[in-house]
Amino acid sequence: MRVLVVEDENKVAGFIQRGLQEEGFSVDLAYDGDAGVDLAKSQMYDLILMDVMLPVKDGLTAIKELREQNISTPVLCLTARDAVEDKVVGLNAGADDYLAKPFAFAELVARCRALVRRNRSDRGAEIVFSDLRLDPVAHKVWRQDSEIDLTSKEYALLEYFMRNPNQTLTRAMIAENVWDYTFDSFTNIIDVYVNYLRNKVDRPYDKKLIHTVRGQGYMLKEV
Ligand code: CA
């Protein structure tokens with residue numbers, strides 16, 4: 001499980017990082033709201049811990065920005081004690097849960113696990129985009145009610161597209177999220193797989209859904 005912790009106080013950030021690592025999470029740190037948003041946009045996390053009071057960009061603005069960009073990673077908001085208003089505003093901004101500081105570490109871990117679990121079960125729901133339908137539990141895909149037979153890599157690529165429609169997915173993002181590799185000379189393989197996928201998903205149909213974004217990558221969209 002990958003967690004992004006956005007917290008400007010070094011001591012608190014380090015404490016959370018060490019604690020979560022001991023619980024088996026892999027943890028990235030960001031020390032201001034802008035850096036947090038950048039990381040959340042370029043990497044895939046299972047969970048984001050977001051402090052409210054942050055330099056450069058406060059936590060609530062950061063959460064809003066992520067939601068506006070269709071990044072649906074669960075966010076646990078860390079607020080000052082008893083700030084009921086923070087809680088309401090935080091949930092309105094798109095946070096999934098909040099925890100008042102100072103908190104007991106066991107409580108933090110329990111909330112983290114609950115949010116990740118809840119999100120995973122949501123992820124079991126069918127995804128629909130245009131006339132494409134994907135069942136993440138059965139690993140099956142249909143277009144206009146005919147099932148499309150995909151290899152597991154093609155399937156993973158399409159699922160990534162369908163979870164992130166209408167946004168440019170760079171080859172670096174695809175490499176990291178679908179292949180778990182960091183991007184270097186990976187471009188060819190991605191282009192080859194996108195072509196495989198197009199042959200099956202788009203070629204037999206008039207309406208094309210997988211588009212090239214010149215010089216950048218690819219986008220799933222309806223024209
Ligand atoms: Ca802070």
# chains A, B, ... in the order shown; residues from 1 in each chain; ligands from 1
>>> residues_near_ligand(ligand="ligand 1", cutoff="12 Å", atoms="only C-alpha atoms and all ligand atoms", output="ChimeraX atom specification")
/A:5-13,30-33,49-60,77-80,101-102
>>> select_by_dssp(residues="segment 64-146 of chain A", states="strand (DSSP E)", output="list in words")
Val75, Leu76, Cys77, Leu78, Thr79, Ala80, Asp97, Tyr98, Leu99, Ala100, Lys101, Ile127, Val128, Phe129, Leu132, Arg133, Leu134, Asp135, Lys140, Val141, Trp142, Arg143 and Ser146 of chain A
>>> closest_residue(among="A:Ala110, A:Val128, A:Ala93, A:Ala138", to="Thr61 of chain A", atoms="only C-alpha atoms")
A:Ala93
>>> residues_around(residues="Leu134 of chain A", least_positions_apart="4", cutoff="9 Å", atoms="only C-alpha atoms", output="list of chain:residue names")
A:Ala125, A:Glu126, A:Ile127, A:Val128, A:Phe129, A:Ala138, A:His139, A:Lys140, A:Val141, A:Trp142, A:Arg143, A:Leu158, A:Glu159, A:Met162
>>> closest_residue(among="A:Leu47, A:Val3, A:Leu99, A:Leu91", to="Arg117 of chain A", atoms="only C-alpha atoms")
A:Leu47
>>> select_by_dssp(residues="segment 95-163 of chain A", states="helix (DSSP H, G or I)", output="PyMOL selection string")
chain A and resi 105-122+152-163
>>> write_last_selection(atoms="N, CA, C and O atoms", output="short mmCIF file (atom, residue, chain, number, x, y, z; two decimals), in the first residue's frame")
data_model
loop_
_atom_site.label_atom_id
_atom_site.label_comp_id
_atom_site.auth_asym_id
_atom_site.auth_seq_id
_atom_site.Cartn_x
_atom_site.Cartn_y
_atom_site.Cartn_z
N PHE A 105 -1.41 6.90 17.51
CA PHE A 105 -0.97 6.30 16.27
C PHE A 105 -1.84 5.13 15.83
O PHE A 105 -2.12 4.96 14.64
N ALA A 106 -2.30 4.37 16.82
CA ALA A 106 -3.15 3.21 16.49
C ALA A 106 -4.42 3.67 15.77
O ALA A 106 -4.92 3.00 14.86
N GLU A 107 -4.93 4.81 16.19
CA GLU A 107 -6.13 5.37 15.57
C GLU A 107 -5.84 5.75 14.11
O GLU A 107 -6.63 5.45 13.21
N LEU A 108 -4.69 6.36 13.89
CA LEU A 108 -4.31 6.74 12.53
C LEU A 108 -4.24 5.51 11.63
O LEU A 108 -4.78 5.49 10.53
N VAL A 109 -3.57 4.47 12.13
CA VAL A 109 -3.41 3.25 11.32
C VAL A 109 -4.77 2.63 11.01
O VAL A 109 -5.05 2.24 9.87
N ALA A 110 -5.65 2.61 12.03
CA ALA A 110 -6.98 2.02 11.82
C ALA A 110 -7.75 2.79 10.75
O ALA A 110 -8.38 2.20 9.86
N ARG A 111 -7.69 4.13 10.82
CA ARG A 111 -8.40 4.95 9.83
C ARG A 111 -7.81 4.73 8.43
O ARG A 111 -8.53 4.68 7.44
N CYS A 112 -6.49 4.65 8.37
CA CYS A 112 -5.84 4.43 7.07
C CYS A 112 -6.32 3.12 6.46
O CYS A 112 -6.71 3.08 5.29
N ARG A 113 -6.28 2.07 7.25
CA ARG A 113 -6.69 0.76 6.73
C ARG A 113 -8.14 0.77 6.29
O ARG A 113 -8.51 0.22 5.25
N ALA A 114 -9.01 1.42 7.10
CA ALA A 114 -10.43 1.46 6.77
C ALA A 114 -10.67 2.17 5.44
O ALA A 114 -11.45 1.72 4.60
N LEU A 115 -9.96 3.28 5.24
CA LEU A 115 -10.16 4.05 4.00
C LEU A 115 -9.69 3.27 2.78
O LEU A 115 -10.34 3.27 1.74
N VAL A 116 -8.54 2.61 2.92
CA VAL A 116 -8.02 1.84 1.79
C VAL A 116 -8.97 0.69 1.47
O VAL A 116 -9.29 0.43 0.32
N ARG A 117 -9.48 0.05 2.51
CA ARG A 117 -10.41 -1.06 2.31
C ARG A 117 -11.68 -0.60 1.62
O ARG A 117 -12.14 -1.21 0.66
N ARG A 118 -12.22 0.52 2.10
CA ARG A 118 -13.45 1.04 1.53
C ARG A 118 -13.24 1.37 0.05
O ARG A 118 -14.06 1.06 -0.79
N ASN A 119 -12.11 1.96 -0.24
CA ASN A 119 -11.81 2.33 -1.61
C ASN A 119 -11.66 1.10 -2.50
O ASN A 119 -12.13 1.06 -3.62
N ARG A 120 -11.02 0.07 -1.94
CA ARG A 120 -10.82 -1.15 -2.74
C ARG A 120 -12.15 -1.79 -3.08
O ARG A 120 -12.33 -2.32 -4.17
N SER A 121 -13.10 -1.76 -2.11
CA SER A 121 -14.37 -2.41 -2.43
C SER A 121 -15.16 -1.58 -3.44
O SER A 121 -15.84 -2.11 -4.29
N ASP A 122 -14.99 -0.22 -3.36
CA ASP A 122 -15.59 0.61 -4.41
C ASP A 122 -15.02 0.25 -5.77
O ASP A 122 -15.67 0.32 -6.78
N SER A 152 -3.68 -9.98 -20.28
CA SER A 152 -3.73 -9.32 -18.98
C SER A 152 -3.08 -7.93 -19.03
O SER A 152 -3.51 -7.01 -18.35
N LYS A 153 -2.04 -7.76 -19.85
CA LYS A 153 -1.42 -6.43 -19.97
C LYS A 153 -2.35 -5.44 -20.67
O LYS A 153 -2.47 -4.29 -20.27
N GLU A 154 -3.01 -5.92 -21.72
CA GLU A 154 -3.96 -5.05 -22.43
C GLU A 154 -5.09 -4.64 -21.49
O GLU A 154 -5.52 -3.50 -21.47
N TYR A 155 -5.53 -5.62 -20.70
CA TYR A 155 -6.60 -5.34 -19.74
C TYR A 155 -6.15 -4.27 -18.72
O TYR A 155 -6.86 -3.31 -18.45
N ALA A 156 -4.95 -4.45 -18.17
CA ALA A 156 -4.44 -3.50 -17.17
C ALA A 156 -4.33 -2.10 -17.77
O ALA A 156 -4.65 -1.10 -17.12
N LEU A 157 -3.89 -2.03 -19.01
CA LEU A 157 -3.77 -0.75 -19.70
C LEU A 157 -5.14 -0.10 -19.89
O LEU A 157 -5.34 1.09 -19.60
N LEU A 158 -6.11 -0.89 -20.32
CA LEU A 158 -7.46 -0.33 -20.52
C LEU A 158 -8.08 0.09 -19.19
O LEU A 158 -8.72 1.14 -19.10
N GLU A 159 -7.85 -0.69 -18.16
CA GLU A 159 -8.40 -0.31 -16.86
C GLU A 159 -7.80 1.03 -16.41
O GLU A 159 -8.50 1.91 -15.89
N TYR A 160 -6.51 1.21 -16.64
CA TYR A 160 -5.87 2.47 -16.28
C TYR A 160 -6.48 3.63 -17.07
O TYR A 160 -6.79 4.69 -16.52
N PHE A 161 -6.70 3.42 -18.37
CA PHE A 161 -7.37 4.44 -19.19
C PHE A 161 -8.77 4.74 -18.64
O PHE A 161 -9.18 5.89 -18.53
N MET A 162 -9.50 3.68 -18.31
CA MET A 162 -10.90 3.89 -17.92
C MET A 162 -11.05 4.51 -16.54
O MET A 162 -12.03 5.16 -16.23
N ARG A 163 -10.02 4.31 -15.69
CA ARG A 163 -10.06 4.96 -14.38
C ARG A 163 -9.60 6.41 -14.46
O ARG A 163 -9.77 7.18 -13.51
#
